[in-house]
>>> print(open('my_file-v7.cif').read())   # mmCIF, C-alpha atoms
data_work
#
loop_
_atom_site.label_atom_id
_atom_site.label_comp_id
_atom_site.auth_asym_id
_atom_site.auth_seq_id
_atom_site.Cartn_x
_atom_site.Cartn_y
_atom_site.Cartn_z
CA MET A 1 -58.54 -36.78 -6.04
CA LEU A 2 -61.66 -38.74 -6.94
CA ASP A 3 -62.57 -40.29 -10.27
CA GLY A 4 -65.95 -41.60 -11.33
CA PHE A 5 -69.18 -40.71 -13.05
CA ILE A 6 -71.81 -38.16 -12.10
CA SER A 7 -75.43 -38.35 -13.19
CA GLY A 8 -78.62 -36.44 -12.59
CA GLY A 9 -82.24 -36.24 -13.58
CA HIS A 10 -81.48 -33.63 -16.27
CA LEU A 11 -78.75 -35.72 -17.89
CA LYS A 12 -79.56 -38.33 -20.50
CA LYS A 13 -76.06 -39.80 -20.14
CA PRO A 14 -73.50 -39.67 -17.30
CA LEU A 15 -70.71 -37.14 -17.29
CA LYS A 16 -67.28 -38.62 -16.71
CA ILE A 17 -65.36 -36.92 -13.91
CA VAL A 18 -61.76 -36.40 -14.95
CA ALA A 19 -60.70 -34.31 -11.97
CA CYS A 20 -62.32 -33.91 -8.63
CA GLU A 21 -60.89 -32.22 -5.55
CA ARG A 22 -62.51 -31.06 -2.33
CA SER A 23 -61.54 -27.58 -1.22
CA GLU A 24 -63.32 -26.23 1.83
CA SER A 25 -66.92 -25.35 0.88
CA VAL A 26 -66.35 -25.43 -2.87
CA PHE A 27 -66.37 -28.72 -4.75
CA PRO A 28 -65.01 -28.14 -8.27
CA TYR A 29 -64.66 -30.85 -10.87
CA ARG A 30 -64.21 -31.12 -14.60
CA ALA A 31 -66.41 -33.36 -16.72
CA TYR A 32 -66.45 -34.43 -20.34
CA GLU A 33 -69.54 -33.42 -22.27
CA HIS A 34 -71.86 -36.38 -22.88
CA SER A 35 -75.14 -34.47 -22.89
CA PRO A 36 -76.03 -30.89 -23.78
CA LEU A 37 -78.74 -30.83 -21.12
CA LEU A 38 -77.64 -28.79 -18.12
CA PRO A 39 -77.82 -28.01 -15.27
CA ILE A 40 -77.22 -31.10 -13.22
CA THR A 41 -79.82 -31.70 -10.53
CA PHE A 42 -79.17 -30.91 -6.89
CA TYR A 43 -78.84 -34.60 -6.04
CA SER A 44 -76.08 -36.32 -7.98
CA SER A 45 -74.16 -39.48 -7.36
CA PHE A 46 -71.14 -41.43 -8.47
CA TYR A 47 -69.48 -44.67 -7.48
CA PHE A 48 -66.30 -44.64 -5.43
CA LEU A 49 -64.65 -47.71 -3.91
CA HIS A 50 -67.66 -49.89 -4.85
CA ARG A 51 -70.07 -47.87 -2.70
CA LYS A 52 -72.36 -45.16 -3.96
CA LEU A 53 -71.48 -41.70 -2.74
CA TYR A 54 -74.42 -39.43 -1.95
CA LEU A 55 -73.67 -35.84 -2.96
CA THR A 56 -75.88 -32.84 -2.32
CA VAL A 57 -74.76 -29.74 -4.16
CA ALA A 58 -76.00 -26.21 -4.77
CA ASP A 59 -75.03 -22.94 -6.45
CA ARG A 60 -74.59 -24.50 -9.87
CA THR A 61 -72.25 -22.74 -12.29
CA CYS A 62 -70.72 -23.99 -15.50
CA TYR A 63 -68.74 -22.82 -18.46
CA VAL A 64 -67.33 -24.54 -21.51
CA ASN A 65 -63.65 -24.96 -22.17
CA HIS A 66 -63.90 -24.95 -25.96
CA THR A 67 -60.26 -25.79 -26.50
CA ARG A 68 -60.68 -29.12 -24.69
CA ASN A 69 -64.41 -29.60 -25.28
CA GLU A 70 -65.06 -29.95 -21.57
CA TYR A 71 -67.64 -28.64 -19.16
CA VAL A 72 -66.10 -27.20 -16.02
CA LEU A 73 -68.63 -27.20 -13.20
CA GLU A 74 -68.23 -25.64 -9.80
CA LYS A 75 -70.46 -26.74 -6.96
CA GLN A 76 -70.84 -25.65 -3.37
CA LEU A 77 -70.66 -28.78 -1.24
CA LEU A 78 -73.51 -29.00 1.26
CA PHE A 79 -73.50 -32.66 2.22
CA LEU A 80 -71.26 -35.57 1.29
CA SER A 81 -71.66 -39.07 2.65
CA PHE A 82 -71.63 -42.71 1.70
CA MET A 83 -75.02 -44.20 0.93
CA VAL A 84 -76.52 -46.76 3.28
CA LYS A 85 -77.01 -50.07 1.47
CA ILE A 86 -80.15 -51.99 2.49
CA VAL A 87 -81.47 -55.37 1.36
CA GLY A 88 -85.19 -56.07 1.67
CA ILE A 89 -86.53 -59.63 1.80
CA GLY A 90 -90.21 -60.45 1.40
CA GLY A 91 -91.24 -63.64 3.16
CA SER A 92 -94.45 -64.45 1.30
CA LEU A 93 -94.82 -66.73 -1.71
CA ARG A 94 -98.43 -65.78 -2.37
CA ALA A 95 -99.41 -63.98 -5.55
CA GLY A 96 -100.68 -60.51 -4.64
CA SER A 97 -98.77 -60.64 -1.35
CA TYR A 98 -99.47 -57.84 1.12
CA SER A 99 -96.06 -58.47 2.69
CA GLN A 100 -94.46 -57.56 -0.62
CA LEU A 101 -96.55 -54.40 -0.81
CA ALA A 102 -95.46 -53.42 2.70
CA LEU A 103 -91.84 -54.14 1.84
CA LYS A 104 -92.09 -51.96 -1.26
CA VAL A 105 -93.51 -49.07 0.77
CA ALA A 106 -90.72 -49.36 3.37
CA ALA A 107 -88.08 -49.52 0.63
CA GLU A 108 -89.44 -46.39 -1.05
CA ARG A 109 -89.42 -44.49 2.24
CA ALA A 110 -85.80 -45.53 2.89
CA GLN A 111 -84.78 -44.54 -0.63
CA ALA A 112 -86.34 -41.13 -0.08
CA LEU A 113 -83.89 -40.71 2.82
CA GLY A 114 -80.90 -41.46 0.60
CA ALA A 115 -80.55 -45.20 1.12
CA GLU A 116 -79.78 -47.63 -1.68
CA VAL A 117 -82.28 -50.50 -1.45
CA GLU A 118 -82.31 -53.86 -3.24
CA ILE A 119 -85.38 -56.07 -2.84
CA PHE A 120 -85.29 -59.86 -2.98
CA ASP A 121 -88.64 -61.47 -3.73
CA LEU A 122 -88.49 -65.10 -2.58
CA ARG A 123 -91.14 -65.95 -5.18
CA SER A 124 -88.60 -65.30 -7.92
CA LEU A 125 -85.64 -67.09 -6.30
CA ASN A 126 -84.86 -70.78 -6.62
CA LEU A 127 -83.85 -71.60 -3.05
CA PRO A 128 -83.60 -75.13 -1.62
CA PHE A 129 -84.59 -76.18 1.86
CA CYS A 130 -81.68 -75.58 4.22
CA ASN A 131 -79.97 -78.90 4.95
CA GLY A 132 -77.21 -77.60 7.18
CA GLU A 133 -74.55 -77.75 4.47
CA ASN A 134 -72.28 -74.87 3.55
CA ASP A 135 -72.47 -75.13 -0.23
CA TYR A 136 -75.48 -75.17 -2.54
CA ILE A 137 -73.71 -75.31 -5.90
CA ASP A 138 -76.86 -76.39 -7.72
CA TYR A 139 -78.69 -73.28 -6.51
CA PRO A 140 -76.85 -70.10 -7.59
CA ASP A 141 -79.60 -67.93 -6.07
CA VAL A 142 -78.34 -68.95 -2.62
CA GLU A 143 -74.97 -67.34 -3.24
CA LYS A 144 -76.67 -64.35 -4.86
CA LEU A 145 -78.76 -63.75 -1.75
CA GLN A 146 -75.86 -64.40 0.62
CA ASN A 147 -73.54 -61.98 -1.16
CA ALA A 148 -76.14 -59.23 -1.30
CA VAL A 149 -76.85 -59.50 2.42
CA LYS A 150 -73.15 -59.71 3.28
CA GLN A 151 -72.43 -56.50 1.37
CA ALA A 152 -75.42 -54.66 2.83
CA ASP A 153 -75.45 -52.44 5.90
CA GLY A 154 -79.08 -53.01 6.82
CA LEU A 155 -82.06 -55.27 6.26
CA ILE A 156 -85.81 -54.93 5.94
CA LEU A 157 -87.61 -58.20 6.63
CA ALA A 158 -91.32 -58.42 5.83
CA THR A 159 -93.28 -61.54 6.71
CA PRO A 160 -96.86 -62.73 6.85
CA GLU A 161 -97.82 -64.22 10.18
CA TYR A 162 -98.53 -67.94 9.83
CA HIS A 163 -99.73 -69.86 12.90
CA GLY A 164 -98.43 -67.17 15.22
CA SER A 165 -94.92 -66.86 13.77
CA ILE A 166 -92.91 -65.93 10.68
CA SER A 167 -93.36 -67.68 7.36
CA GLY A 168 -91.43 -70.84 6.60
CA ALA A 169 -90.12 -69.24 3.42
CA LEU A 170 -88.47 -66.38 5.31
CA LYS A 171 -87.11 -68.67 8.03
CA ASN A 172 -85.59 -70.92 5.37
CA ALA A 173 -83.98 -67.95 3.61
CA LEU A 174 -82.42 -66.85 6.90
CA ASP A 175 -81.32 -70.42 7.64
CA LEU A 176 -79.40 -70.42 4.34
CA MET A 177 -77.24 -67.62 5.77
CA SER A 178 -74.83 -67.55 8.69
CA PHE A 179 -72.97 -65.15 10.97
CA GLU A 180 -70.73 -64.37 8.00
CA HIS A 181 -73.66 -62.74 6.25
CA LEU A 182 -75.84 -61.43 9.09
CA ASP A 183 -73.48 -60.40 11.89
CA GLY A 184 -73.62 -56.66 12.55
CA LYS A 185 -76.49 -55.88 10.19
CA VAL A 186 -79.08 -53.34 11.28
CA ALA A 187 -82.57 -54.70 10.70
CA GLY A 188 -86.16 -53.51 10.67
CA SER A 189 -89.09 -55.94 10.81
CA ILE A 190 -92.60 -55.84 9.35
CA SER A 191 -95.39 -58.37 9.88
CA VAL A 192 -98.65 -58.63 7.97
CA LEU A 193 -101.75 -60.33 9.34
CA GLY A 194 -105.18 -61.19 8.06
CA GLY A 195 -106.67 -60.74 11.52
CA GLN A 196 -106.00 -58.45 14.45
CA VAL A 197 -102.60 -56.87 15.10
CA ASN A 198 -100.12 -58.66 17.36
CA SER A 199 -96.35 -58.90 17.69
CA ASN A 200 -95.80 -62.67 17.58
CA ALA A 201 -93.93 -62.80 14.29
CA LEU A 202 -92.02 -59.62 15.12
CA ASN A 203 -90.88 -61.02 18.46
CA ASP A 204 -89.71 -64.24 16.80
CA LEU A 205 -87.75 -62.23 14.24
CA ARG A 206 -86.06 -60.34 17.06
CA VAL A 207 -84.96 -63.61 18.66
CA ILE A 208 -83.57 -64.93 15.36
CA LEU A 209 -81.74 -61.72 14.50
CA ARG A 210 -80.30 -61.34 17.98
CA TRP A 211 -78.98 -64.90 17.73
CA VAL A 212 -76.96 -64.03 14.62
CA HIS A 213 -75.68 -60.80 16.23
CA ALA A 214 -77.76 -58.40 14.15
CA TRP A 215 -79.12 -55.14 15.56
CA VAL A 216 -82.91 -54.74 15.43
CA ILE A 217 -84.26 -51.20 15.55
CA PRO A 218 -86.93 -50.39 18.17
CA GLU A 219 -89.45 -49.31 15.52
CA GLN A 220 -91.45 -52.13 13.99
CA ILE A 221 -94.64 -52.42 11.97
CA ALA A 222 -97.52 -54.88 12.28
CA ILE A 223 -100.36 -54.51 9.78
CA GLY A 224 -103.62 -56.14 10.84
CA GLN A 225 -106.46 -56.93 8.44
CA ALA A 226 -104.06 -56.31 5.61
CA TRP A 227 -106.73 -56.88 3.00
CA LYS A 228 -108.08 -53.40 3.73
CA ALA A 229 -104.77 -51.60 4.39
CA PHE A 230 -103.80 -51.01 0.75
CA SER A 231 -105.40 -49.38 -2.25
CA PRO A 232 -105.62 -51.31 -5.54
CA ASP A 233 -102.37 -49.65 -6.67
CA GLY A 234 -100.51 -50.67 -3.50
CA LYS A 235 -100.71 -47.39 -1.57
CA LEU A 236 -101.37 -47.21 2.16
CA LEU A 237 -104.87 -46.03 2.98
CA ASP A 238 -104.38 -45.14 6.65
CA GLU A 239 -102.48 -41.92 7.34
CA LYS A 240 -101.24 -43.01 10.78
CA LEU A 241 -99.90 -46.25 9.35
CA SER A 242 -98.14 -44.26 6.64
CA GLU A 243 -96.54 -42.11 9.35
CA ARG A 244 -95.32 -45.28 11.08
CA PHE A 245 -93.58 -46.28 7.86
CA ASP A 246 -91.89 -42.87 7.78
CA GLU A 247 -90.68 -43.34 11.37
CA PHE A 248 -89.58 -46.89 10.60
CA ALA A 249 -87.53 -45.83 7.57
CA ARG A 250 -85.99 -42.87 9.38
CA SER A 251 -84.97 -45.04 12.33
CA LEU A 252 -83.50 -47.73 10.06
CA VAL A 253 -81.42 -45.33 7.99
CA GLU A 254 -80.23 -43.22 10.94
CA ASN A 255 -79.38 -46.19 13.18
CA THR A 256 -77.65 -47.98 10.32
CA ARG A 257 -75.44 -44.95 9.82
CA LYS A 258 -74.60 -44.83 13.52
CA LEU A 259 -74.05 -48.55 14.11
CA ARG A 260 -72.20 -49.19 10.86
CA GLY A 261 -70.07 -46.04 11.17
CA ILE A 262 -71.26 -44.50 7.89
CA SER A 263 -70.69 -40.76 7.90
#
>>> encode(input="my_file-v7.cif", output="structure tokens")
Amino acid sequence: MLDGFISGGHLKKPLKIVACERSESVFPYRAYEHSPLLPITFYSSFYFLHRKLYLTVADRTCYVNHTRNEYVLEKQLLFLSFMVKIVGIGGSLRAGSYSQLALKVAAERAQALGAEVEIFDLRSLNLPFCNGENDYIDYPDVEKLQNAVKQADGLILATPEYHGSISGALKNALDLMSFEHLDGKVAGSISVLGGQVNSNALNDLRVILRWVHAWVIPEQIAIGQAWKAFSPDGKLLDEKLSERFDEFARSLVENTRKLRGIS
């Protein structure tokens, strides 16, 4: 028996699930009426044990139990799995950052594959320089970042390349975390350069992440001459680069499921 809320693009308000049992290929549940707009979309979700459950359903049927003012919906279960939780961190503090644009593209591609993505923009966080201490009580954003990463399954790290390596802002953010937060995470790395493509920053990220026992996927992205890689509205202009983002997102989501044991 599962309890929770179900929502969809055709619903203005969630429907509360009052009964929910799985029975072979049919997934029936009863829901209170909170919106007259039906049917529910094919992709619906509800929270269960603090993790979002990704539910794909088909063959929508419904009828109204007028005596109890309830909708009774029967769905054929096609796919049921926990959502992958990913945290993205952008390592640039520059206004109009191309690293942030790249991170946004990667996050959107991962979301399209069913992942739940939360982006942390270091420009909007008040983080101190790491001093090797365990507590930063005067900087609540440190704990906010640490907790989000600790609860995540995977990471997307996007950095500009400064002097042949990752940005100081991203390195400092990682230094504010420990094995407690980073151990076992599945990570994908993106570097953005003003000049020609190379893998210096990506290689350094691999060393750092390996040191904290994270898993780095084989796919990585380096964007050279970033000033001409994006349109004014932040879209990728090169089709092959866009395909690399698709491959990157697919690898991150699939490998996170495998390595984190998310079915």
>>> atom_distance(input="my_file-v7.cif", atom1="atom CA of A:Ile119", atom2="atom CA of A:Gly195")
26.1 Å
>>> resolve_selection(input="my_file-v7.cif", expression="the PyMOL selection byres ((chain A and resi 254) around 12)", output="VMD selection string")
chain A and resid 83 to 84 110 113 to 115 153 to 154 186 to 188 217 219 247 to 253 255 to 263
>>> closest_residue(input="my_file-v7.cif", among="A:Ser231, A:Ser99, A:Ser189, A:Asn198", to="A:Leu155", atoms="all atoms listed in the file")
A:Ser189
>>> closest_residue(input="my_file-v7.cif", among="A:Glu180, A:Glu239, A:Asp121, A:Asp233", to="A:His213", atoms="all atoms listed in the file")
A:Glu180
>>> closest_residue(input="my_file-v7.cif", among="A:Lys228, A:Arg244, A:His181, A:Arg123", to="A:Arg94", atoms="only C-alpha atoms")
A:Arg123
>>> atom_distance(input="my_file-v7.cif", atom1="atom CA of A:Gly96", atom2="atom CA of A:Pro218")
28.5 Å
>>> residues_around(input="my_file-v7.cif", residues="A:Ser165", least_positions_apart="4", cutoff="7 Å", atoms="only C-alpha atoms", output="number ranges by chain")
A: 161, 200-201, 204
>>> residues_around(input="my_file-v7.cif", residues="A:Ser199", least_positions_apart="4", cutoff="8 Å", atoms="only C-alpha atoms", output="JSON, numbers by chain")
{"A": [191, 203, 222]}
>>> write_last_selection(input="my_file-v7.cif", atoms="C-alpha atoms", output="PDB file, in the frame of the given file")
ATOM      1  CA  SER A 191     -95.390 -58.370   9.880  1.00  0.00           C
ATOM      2  CA  ASN A 203     -90.880 -61.020  18.460  1.00  0.00           C
ATOM      3  CA  ALA A 222     -97.520 -54.880  12.280  1.00  0.00           C
TER       4      ALA A 222
END
>>> closest_residue(input="my_file-v7.cif", among="A:Thr159, A:Gln196, A:Val142, A:Ser97", to="A:Met177", atoms="all atoms listed in the file")
A:Val142
>>> atom_distance(input="my_file-v7.cif", atom1="atom CA of A:Ala112", atom2="atom CA of A:Asp238")
19.7 Å
>>> closest_residue(input="my_file-v7.cif", among="A:Ala158, A:Cys130, A:Leu209, A:Ala152", to="A:Lys104", atoms="all atoms listed in the file")
A:Ala158
>>> residues_near_point(input="my_file-v7.cif", point="(-99.7, -57.1, 10.2)", cutoff="6 Å", atoms="all atoms listed in the file", output="ChimeraX atom specification")
/A:191-193,197,222-224
>>> residues_around(input="my_file-v7.cif", residues="A:Gly91", least_positions_apart="6", cutoff="7 Å", atoms="all atoms listed in the file", output="ChimeraX atom specification")
/A:122,158-160,167,169-170
>>> resolve_selection(input="my_file-v7.cif", expression="the PyMOL selection byres ((chain A and resi 183) around 6)", output="list in words")
Phe179, Leu182, Gly184, Lys185, Val212, His213 and Ala214 of chain A
>>> resolve_selection(input="my_file-v7.cif", expression="the PyMOL selection byres ((chain A and resi 133) around 12)", output="MDAnalysis selection string")
chainID A and resid 128:132 134:137 142 175:178
